[in-house]
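my_file_28.cif (mmCIF, C-alpha atoms)
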data_my_file
loop_
_atom_site.label_atom_id
_atom_site.label_comp_id
_atom_site.auth_asym_id
_atom_site.auth_seq_id
_atom_site.Cartn_x
_atom_site.Cartn_y
_atom_site.Cartn_z
CA MET J 1 13.96 -19.56 5.02
CA SER J 2 11.99 -20.12 1.82
CA LYS J 3 9.65 -17.74 0.05
CA VAL J 4 6.26 -19.19 -0.83
CA SER J 5 4.48 -17.89 -3.95
CA LYS J 6 0.80 -18.50 -4.64
CA LEU J 7 -1.88 -17.53 -7.15
CA ILE J 8 -4.98 -17.24 -5.00
CA THR J 9 -8.53 -17.16 -6.36
CA SER J 10 -10.72 -14.39 -4.95
CA PRO J 11 -14.46 -15.15 -4.61
CA ASP J 12 -15.30 -13.47 -7.94
CA GLY J 13 -12.67 -15.57 -9.72
CA CYS J 14 -9.97 -12.89 -9.97
CA LYS J 15 -6.50 -14.36 -9.49
CA ILE J 16 -4.39 -12.64 -6.83
CA PHE J 17 -0.63 -13.17 -6.81
CA ALA J 18 0.86 -13.34 -3.32
CA GLU J 19 4.09 -14.33 -1.57
CA GLY J 20 4.95 -15.13 2.03
CA ILE J 21 8.16 -15.47 4.01
CA GLY J 22 9.34 -15.32 7.61
CA ASN J 23 8.61 -16.77 11.01
CA LEU J 24 5.47 -18.91 10.81
CA GLU J 25 5.09 -18.72 14.59
CA GLY J 26 5.14 -14.92 14.67
CA PRO J 27 2.48 -12.29 14.01
CA THR J 28 1.45 -11.74 10.40
CA ILE J 29 1.99 -8.49 8.52
CA ILE J 30 0.28 -8.12 5.14
CA LEU J 31 2.08 -5.65 2.85
CA VAL J 32 0.07 -3.75 0.22
CA HIS J 33 1.73 -1.60 -2.45
CA GLY J 34 0.67 1.70 -4.02
CA LEU J 35 -0.69 2.79 -7.39
CA GLY J 36 1.13 1.37 -10.38
CA SER J 37 3.51 -0.74 -8.34
CA SER J 38 3.55 -4.36 -7.21
CA THR J 39 5.05 -6.73 -4.69
CA VAL J 40 8.53 -5.79 -5.97
CA VAL J 41 8.51 -2.54 -3.96
CA PHE J 42 8.81 -4.66 -0.82
CA ASN J 43 11.83 -6.69 -1.99
CA ASN J 44 14.03 -5.13 0.70
CA PHE J 45 11.53 -5.98 3.45
CA PHE J 46 11.54 -9.58 2.24
CA LYS J 47 15.30 -9.66 2.89
CA ASP J 48 15.29 -7.87 6.25
CA ASP J 49 16.28 -10.32 8.99
CA ARG J 50 14.91 -8.05 11.71
CA LEU J 51 11.43 -8.54 10.25
CA LEU J 52 11.79 -12.13 9.06
CA SER J 53 13.01 -13.41 12.43
CA LYS J 54 9.92 -12.11 14.25
CA PHE J 55 7.05 -11.89 11.76
CA TYR J 56 5.49 -13.73 8.87
CA LEU J 57 5.31 -11.29 5.95
CA VAL J 58 2.80 -11.65 3.12
CA ARG J 59 2.74 -9.34 0.11
CA TYR J 60 0.30 -9.39 -2.78
CA ASP J 61 -0.47 -7.59 -6.02
CA MET J 62 -3.75 -5.67 -5.90
CA ARG J 63 -6.15 -6.49 -8.71
CA SER J 64 -5.15 -4.70 -11.94
CA HIS J 65 -1.52 -4.68 -10.76
CA GLY J 66 1.51 -6.93 -11.15
CA ARG J 67 0.78 -10.60 -11.65
CA SER J 68 -2.80 -10.42 -10.36
CA GLY J 69 -5.87 -10.48 -12.59
CA ARG J 70 -7.07 -7.38 -14.44
CA PRO J 71 -10.83 -7.46 -14.86
CA VAL J 72 -11.89 -4.99 -17.54
CA ASN J 73 -15.20 -3.80 -16.08
CA GLN J 74 -15.23 -0.96 -13.56
CA SER J 75 -17.87 -2.87 -11.59
CA ASP J 76 -15.13 -5.37 -10.72
CA TYR J 77 -13.38 -2.67 -8.69
CA SER J 78 -15.34 -2.04 -5.51
CA SER J 79 -14.81 -2.00 -1.77
CA PRO J 80 -16.35 -5.47 -1.20
CA LYS J 81 -14.12 -6.98 -3.88
CA PHE J 82 -10.91 -5.43 -2.52
CA ALA J 83 -11.83 -6.64 0.96
CA ALA J 84 -12.52 -10.12 -0.42
CA ASP J 85 -9.10 -10.14 -2.12
CA PHE J 86 -7.45 -9.32 1.21
CA VAL J 87 -9.35 -12.04 3.07
CA ALA J 88 -8.54 -14.56 0.32
CA VAL J 89 -4.82 -13.80 0.74
CA VAL J 90 -4.98 -14.11 4.53
CA GLU J 91 -6.82 -17.41 4.28
CA GLY J 92 -4.63 -18.60 1.42
CA PHE J 93 -1.64 -18.50 3.76
CA ASN J 94 -3.66 -19.90 6.68
CA ARG J 95 -3.06 -16.80 8.79
CA GLN J 96 -5.27 -15.08 11.35
CA LYS J 97 -5.48 -11.65 12.98
CA PRO J 98 -3.00 -9.91 10.66
CA TYR J 99 -1.51 -6.46 10.80
CA LEU J 100 -1.87 -4.45 7.60
CA LEU J 101 1.09 -2.38 6.38
CA SER J 102 -0.11 -0.34 3.44
CA TRP J 103 1.59 2.28 1.29
CA SER J 104 -0.14 5.08 -0.60
CA LEU J 105 -3.12 3.67 -2.58
CA GLY J 106 -2.69 0.39 -0.70
CA ALA J 107 -3.93 2.12 2.43
CA THR J 108 -7.44 2.12 0.95
CA VAL J 109 -7.55 -1.61 1.72
CA ALA J 110 -7.78 -0.86 5.45
CA THR J 111 -11.03 0.99 4.81
CA ASP J 112 -12.34 -1.96 2.79
CA VAL J 113 -11.45 -4.43 5.54
CA CYS J 114 -12.96 -2.29 8.30
CA THR J 115 -16.13 -1.96 6.22
CA HIS J 116 -16.67 -5.57 5.18
CA CYS J 117 -14.89 -7.75 7.76
CA PRO J 118 -15.88 -8.44 11.38
CA ALA J 119 -14.63 -6.12 14.11
CA GLY J 120 -11.22 -7.25 15.31
CA TYR J 121 -10.23 -8.84 11.99
CA LEU J 122 -7.13 -6.65 11.95
CA LEU J 123 -4.82 -6.36 14.94
CA GLY J 124 -3.49 -3.04 13.68
CA ILE J 125 -2.91 -0.75 10.73
CA ILE J 126 0.48 0.59 9.67
CA TYR J 127 0.05 3.52 7.31
CA VAL J 128 3.04 4.58 5.21
CA SER J 129 2.36 7.83 3.30
CA PRO J 130 -1.26 6.73 2.98
CA LEU J 131 -4.25 7.48 0.81
CA PRO J 132 -6.77 6.23 3.41
CA TYR J 133 -9.82 6.14 1.15
CA ILE J 134 -11.03 6.99 -2.35
CA GLY J 135 -13.16 10.08 -2.02
CA ALA J 136 -13.26 13.72 -1.01
CA ILE J 137 -9.99 13.62 0.94
CA MET J 138 -8.10 13.31 -2.35
CA ASN J 139 -8.87 16.96 -3.19
CA ASP J 140 -6.83 18.16 -0.20
CA LEU J 141 -4.34 15.31 0.11
CA GLY J 142 -2.78 15.25 -3.36
CA LYS J 143 -0.17 17.88 -4.11
CA GLU J 144 -0.33 19.81 -7.36
CA SER J 145 2.43 17.75 -8.95
CA LEU J 146 0.43 14.56 -8.38
CA LYS J 147 -2.78 16.11 -9.69
CA ASN J 148 -0.92 17.16 -12.83
CA LEU J 149 0.31 13.61 -13.36
CA ARG J 150 -3.13 11.99 -13.24
CA PRO J 151 -4.34 12.97 -16.75
CA ARG J 152 -0.98 11.99 -18.21
CA LEU J 153 -1.22 8.54 -16.60
CA LEU J 154 -4.53 8.12 -18.44
CA SER J 155 -3.25 9.54 -21.72
CA GLN J 156 -3.56 7.66 -25.00
CA ASP J 157 -0.29 9.26 -26.08
CA VAL J 158 2.03 6.30 -25.55
CA ALA J 159 5.22 8.32 -25.19
CA ASP J 160 3.75 10.78 -22.69
CA ALA J 161 1.99 8.02 -20.74
CA LEU J 162 5.29 6.19 -20.33
CA LYS J 163 7.08 9.39 -19.34
CA ALA J 164 4.31 10.04 -16.79
CA ARG J 165 4.91 6.63 -15.23
CA ILE J 166 8.64 7.35 -14.97
CA ASP J 167 7.92 10.78 -13.47
CA PHE J 168 5.51 9.19 -10.99
CA VAL J 169 8.08 6.66 -9.79
CA ASP J 170 10.81 9.31 -9.56
CA SER J 171 8.52 11.52 -7.44
CA THR J 172 8.26 8.81 -4.79
CA ILE J 173 11.97 9.19 -3.96
CA ASN J 174 13.39 12.59 -3.06
CA ASP J 175 16.93 11.68 -4.03
CA CYS J 176 16.64 9.54 -7.15
CA ASN J 177 20.29 8.58 -6.72
CA ALA J 178 19.24 6.80 -3.53
CA LEU J 179 17.00 4.53 -5.58
CA ASN J 180 19.09 1.63 -6.78
CA TRP J 181 19.03 1.57 -10.59
CA ASP J 182 17.82 -2.02 -10.69
CA ASP J 183 15.01 -1.17 -8.28
CA ARG J 184 14.06 1.89 -10.32
CA LEU J 185 13.77 -0.27 -13.43
CA LEU J 186 11.58 -2.74 -11.52
CA TRP J 187 9.30 0.01 -10.23
CA VAL J 188 8.97 1.73 -13.61
CA GLY J 189 8.47 -1.64 -15.28
CA ALA J 190 5.67 -2.51 -12.87
CA PHE J 191 3.84 0.72 -13.68
CA SER J 192 4.47 0.31 -17.40
CA HIS J 193 2.45 -2.91 -17.28
CA LEU J 194 -0.68 -0.87 -16.49
CA ASN J 195 -2.64 0.65 -19.34
CA ALA J 196 -4.92 3.67 -18.94
CA ASN J 197 -7.96 1.50 -18.16
CA ASN J 198 -6.05 -0.35 -15.43
CA VAL J 199 -5.05 2.95 -13.83
CA LEU J 200 -8.59 4.35 -14.05
CA ASN J 201 -10.13 1.22 -12.52
CA ALA J 202 -7.57 1.22 -9.70
CA MET J 203 -8.58 4.63 -8.38
CA SER J 204 -12.16 5.34 -9.45
CA TRP J 205 -14.41 3.55 -6.96
CA GLN J 206 -15.85 5.33 -3.93
CA GLN J 207 -15.39 4.40 -0.27
CA ASP J 208 -17.10 5.43 2.95
CA PRO J 209 -14.43 6.20 5.60
CA GLU J 210 -16.85 5.99 8.53
CA PRO J 211 -16.26 2.26 9.34
CA LEU J 212 -12.51 2.97 9.43
CA LEU J 213 -13.00 5.94 11.74
CA ALA J 214 -15.37 3.94 13.94
CA ALA J 215 -12.78 1.18 14.27
CA GLY J 216 -10.25 3.80 15.35
CA ARG J 217 -12.60 5.21 17.95
CA GLU J 218 -13.15 1.68 19.24
CA GLY J 219 -9.43 1.10 19.78
CA LEU J 220 -7.96 -0.36 16.59
CA LYS J 221 -4.21 0.32 16.75
CA LEU J 222 -2.67 2.67 14.21
CA LEU J 223 0.93 3.49 13.36
CA HIS J 224 1.01 6.42 10.91
CA LEU J 225 4.38 7.00 9.24
CA TYR J 226 5.15 9.76 6.79
CA GLY J 227 7.94 12.05 5.66
CA ASP J 228 7.90 15.83 5.84
CA ALA J 229 9.26 16.09 2.29
CA ASP J 230 6.72 13.91 0.44
CA LYS J 231 6.42 15.23 -3.13
CA GLN J 232 3.05 13.57 -3.77
CA LEU J 233 0.91 13.94 -0.64
CA ASP J 234 0.25 16.51 2.07
CA ASN J 235 0.25 13.90 4.81
CA ALA J 236 -0.85 16.34 7.49
CA VAL J 237 -4.30 16.10 5.88
CA VAL J 238 -4.52 12.42 6.82
CA GLU J 239 -3.31 13.16 10.32
CA ALA J 240 -6.01 15.82 10.73
CA GLN J 241 -8.89 14.01 9.04
CA ILE J 242 -8.20 10.34 9.83
CA SER J 243 -5.54 9.64 12.45
CA GLN J 244 -7.10 11.93 15.05
CA HIS J 245 -10.06 9.52 15.27
CA PHE J 246 -7.83 6.67 16.48
CA ILE J 247 -7.57 6.61 20.25
CA ASN J 248 -4.71 4.07 20.13
CA LYS J 249 -2.21 5.56 17.71
CA LYS J 250 1.33 6.71 17.13
CA VAL J 251 2.20 9.25 14.44
CA VAL J 252 5.84 9.45 13.30
CA VAL J 253 7.05 12.17 10.94
CA ILE J 254 10.48 11.43 9.47
CA LYS J 255 12.54 14.48 8.59
CA GLY J 256 13.50 14.52 4.91
CA GLY J 257 11.33 11.51 4.14
CA GLY J 258 9.69 11.22 0.75
CA HIS J 259 6.68 9.26 -0.44
CA ALA J 260 8.43 5.85 -0.56
CA LEU J 261 9.41 6.24 3.07
CA PHE J 262 9.84 2.49 3.64
CA TYR J 263 12.54 2.44 0.93
CA GLU J 264 14.50 5.61 1.71
CA PHE J 265 14.33 5.19 5.49
CA GLN J 266 13.98 1.43 5.79
CA GLY J 267 15.90 1.17 9.06
CA GLN J 268 13.79 3.74 10.86
CA VAL J 269 10.54 2.38 9.46
CA VAL J 270 11.44 -1.18 10.45
CA GLU J 271 12.28 -0.08 14.00
CA GLU J 272 8.89 1.60 14.31
CA VAL J 273 7.13 -1.50 12.94
CA LEU J 274 8.98 -3.76 15.36
CA ALA J 275 8.02 -1.60 18.32
CA PHE J 276 4.40 -1.29 17.19
CA VAL J 277 3.73 -4.98 16.52
CA THR J 278 5.62 -6.36 19.51
CA LYS J 279 4.25 -3.78 21.98
#

Can you give me the file's structure in the form of structure tokens?
Amino acid sequence: MSKVSKLITSPDGCKIFAEGIGNLEGPTIILVHGLGSSTVVFNNFFKDDRLLSKFYLVRYDMRSHGRSGRPVNQSDYSSPKFAADFVAVVEGFNRQKPYLLSWSLGATVATDVCTHCPAGYLLGIIYVSPLPYIGAIMNDLGKESLKNLRPRLLSQDVADALKARIDFVDSTINDCNALNWDDRLLWVGAFSHLNANNVLNAMSWQQDPEPLLAAGREGLKLLHLYGDADKQLDNAVVEAQISQHFINKKVVVIKGGGHALFYEFQGQVVEEVLAFVTK
């Protein structure tokens, strides 16, 4: 089974790095990473035979992250453009009716797709410790430790900015010893590639959550996964403000789970994904 890597051109010319692997005859799951990370956070999923035997997995770097383009103007970071990036990736791999599995900041893409793509474009959303949209929810969702990190991530003090990126990565895993050292270096390295302007552009646009909520009320499937020991987010806020609008949903709270739930509890997360997509 061979991995396919592509550099896909979004409609505005931004290059989007993406990779695909798995069963070409199976349903498609698009994987979207969180702030400061890249496709590398899903390396273990790309080796998981339970997923690869049943699904075709596609992962991509959001604009300003990883090997994708990094436009310098804030106007290049908007809901229509993020939706267009997603569609370009889906079409670039000749896939249709995908599921979207999104972690943390990556969950904002579901709002973009529901806003700018036709109804039914997604077969389902899989939230993992999600930030569902950029906007007012962030005031309640982010824990104090995350709010304290934000100005340091934007700092012009090189040493403190690097330390903030390390602290951010370490806060995604409750037991840092559980994070393989090589993986930790990859994750920190991915974030270290982002300068302050990249970070600011990645989380400064505004989104309207209403199209997402409307899709949920109309029956779009949702699997919402989070841990009860997440150091970054108070995930109950998403359950109360977003998930309750979905009439076709399953919410799973994993005891002891941190922010990078898919990494720490890969087996349990994969079992939930298998059940959700094949239901």

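With distances taken over all atoms listed in the file, J:Tyr263 is the one residue among J:Val253, J:Tyr263, J:His33, J:Met1 lying closest to Arg184 (chain J).
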
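Distances here use all atoms listed in the file; by that measure, the residue among J:Lys3, J:Lys47, J:His116, J:Lys54 closest to Ala84 (chain J) is J:His116.
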
Using only C-alpha atoms, give me every residue within 10 Å of (2.1, 3.6, 8.2) in file coordinates, as a compact mmCIF listing (two decimals) with C-alpha atoms, in the frame of the given file.
# COMPACT_ATOMS: atom_id res chain seq x y z
CA LEU J 100 -1.87 -4.45 7.60
CA LEU J 101 1.09 -2.38 6.38
CA SER J 102 -0.11 -0.34 3.44
CA TRP J 103 1.59 2.28 1.29
CA SER J 104 -0.14 5.08 -0.60
CA ALA J 107 -3.93 2.12 2.43
CA ILE J 125 -2.91 -0.75 10.73
CA ILE J 126 0.48 0.59 9.67
CA TYR J 127 0.05 3.52 7.31
CA VAL J 128 3.04 4.58 5.21
CA SER J 129 2.36 7.83 3.30
CA PRO J 130 -1.26 6.73 2.98
CA LEU J 222 -2.67 2.67 14.21
CA LEU J 223 0.93 3.49 13.36
CA HIS J 224 1.01 6.42 10.91
CA LEU J 225 4.38 7.00 9.24
CA TYR J 226 5.15 9.76 6.79
CA LYS J 250 1.33 6.71 17.13
CA VAL J 251 2.20 9.25 14.44
CA VAL J 252 5.84 9.45 13.30
CA LEU J 261 9.41 6.24 3.07
CA PHE J 262 9.84 2.49 3.64
CA VAL J 269 10.54 2.38 9.46
CA GLU J 272 8.89 1.60 14.31
CA VAL J 273 7.13 -1.50 12.94

**Q.** Point-to-point distance from CA of Ala202 (chain J) to CA of Leu233 (chain J), Å rounded to tenths
**A.** 17.8 Å

Q) From the set J:Gln241, J:Phe191, J:Lys143, J:Leu213, which residue has the shortest atom-to-atom contact distance to Ile166 (chain J), counting all atoms listed in the file? A)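 Checking each of J:Gln241, J:Phe191, J:Lys143, J:Leu213 against Ile166 (chain J), counting all atoms listed in the file, the winner is J:Phe191.
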
Q) Which residues fall under the PyMOL selection byres ((chain J and resi 150) around 12) in this file, as a PyMOL selection string? A) chain J and resi 35-36+142-149+151-155+160-161+164-165+167-168+196+199-200+203-204+232

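As for CA of Gln207 (chain J) and CA of Val238 (chain J), they are spaced 15.3 Å apart.
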
Q) Expressed in Å to a single decimal, how great is the separation between CA of Phe93 (chain J) and CA of Thr278 (chain J)? A) 21.2 Å

Q | Which residue of J:Leu212, J:Tyr77, J:Gly257, J:Val169 approaches Ala190 (chain J) most closely, using all atoms listed in the file | A | J:Val169

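In this comparison, which uses only C-alpha atoms, the residue of J:Ile254, J:Ala214, J:Ala229, J:Ala159 approaching Cys114 (chain J) most closely is J:Ala214.
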
Q. Using the chain letters and numbers from the file, which residues does the PyMOL selection byres ((chain J and resi 120) around 10) grab, as an MDAnalysis selection string?
A. chainID J and resid 97:98 114 117:119 121:124 215 218:220

Would you compute an axis-aligned box for region 222-231 of chain J, covering every atom listed for it in the file with 6 Å of margin on each side, and report centre and edge lengths in Å to one decimal as AutoDock Vina command-line options?
--center_x 3.3 --center_y 9.4 --center_z 5.5 --size_x 23.9 --size_y 25.4 --size_z 29.3

Q: Would you kindly return, as an MDAnalysis selection string, each protein, DNA or RNA residue with an atom no farther than 10 Å from any atom of Asp48 (chain J), considering only C-alpha atoms and excluding same-chain residues fewer than 6 positions away?
A: chainID J and resid 22 266:267 270

(Q) So, with all atoms listed in the file as the atoms that count, which of J:Arg63, J:Arg50, J:Arg70, J:His245 lies closest to Lys221 (chain J)? (A)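 Ranking J:Arg63, J:Arg50, J:Arg70, J:His245 by distance to Lys221 (chain J), first place goes to J:His245.
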
Taking 6 positions as the minimum chain separation for residues in the same chain, which residues sit within 9 Å of Arg59 (chain J) when counting only C-alpha atoms? Answer as an mmCIF file with C-alpha atoms, in the frame of the given file.
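Result file is result_19.cif:
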data_model
loop_
_atom_site.group_PDB
_atom_site.id
_atom_site.type_symbol
_atom_site.label_atom_id
_atom_site.label_comp_id
_atom_site.auth_asym_id
_atom_site.auth_seq_id
_atom_site.Cartn_x
_atom_site.Cartn_y
_atom_site.Cartn_z
ATOM 1 C CA PHE J 17 -0.630 -13.170 -6.810
ATOM 2 C CA ALA J 18 0.860 -13.340 -3.320
ATOM 3 C CA GLU J 19 4.090 -14.330 -1.570
ATOM 4 C CA GLY J 20 4.950 -15.130 2.030
ATOM 5 C CA ILE J 29 1.990 -8.490 8.520
ATOM 6 C CA ILE J 30 0.280 -8.120 5.140
ATOM 7 C CA LEU J 31 2.080 -5.650 2.850
ATOM 8 C CA VAL J 32 0.070 -3.750 0.220
ATOM 9 C CA HIS J 33 1.730 -1.600 -2.450
ATOM 10 C CA SER J 38 3.550 -4.360 -7.210
ATOM 11 C CA THR J 39 5.050 -6.730 -4.690
ATOM 12 C CA PHE J 42 8.810 -4.660 -0.820
ATOM 13 C CA VAL J 89 -4.820 -13.800 0.740
#

Q.
So that I can see what lies close to Ser68 (chain J), please list as a PyMOL selection string the residues with an atom at most 8 Å from it, counting all atoms listed in the file and leaving out residues fewer than 5 positions away in the same chain.
A. chain J and resi 7+14-17+61-63
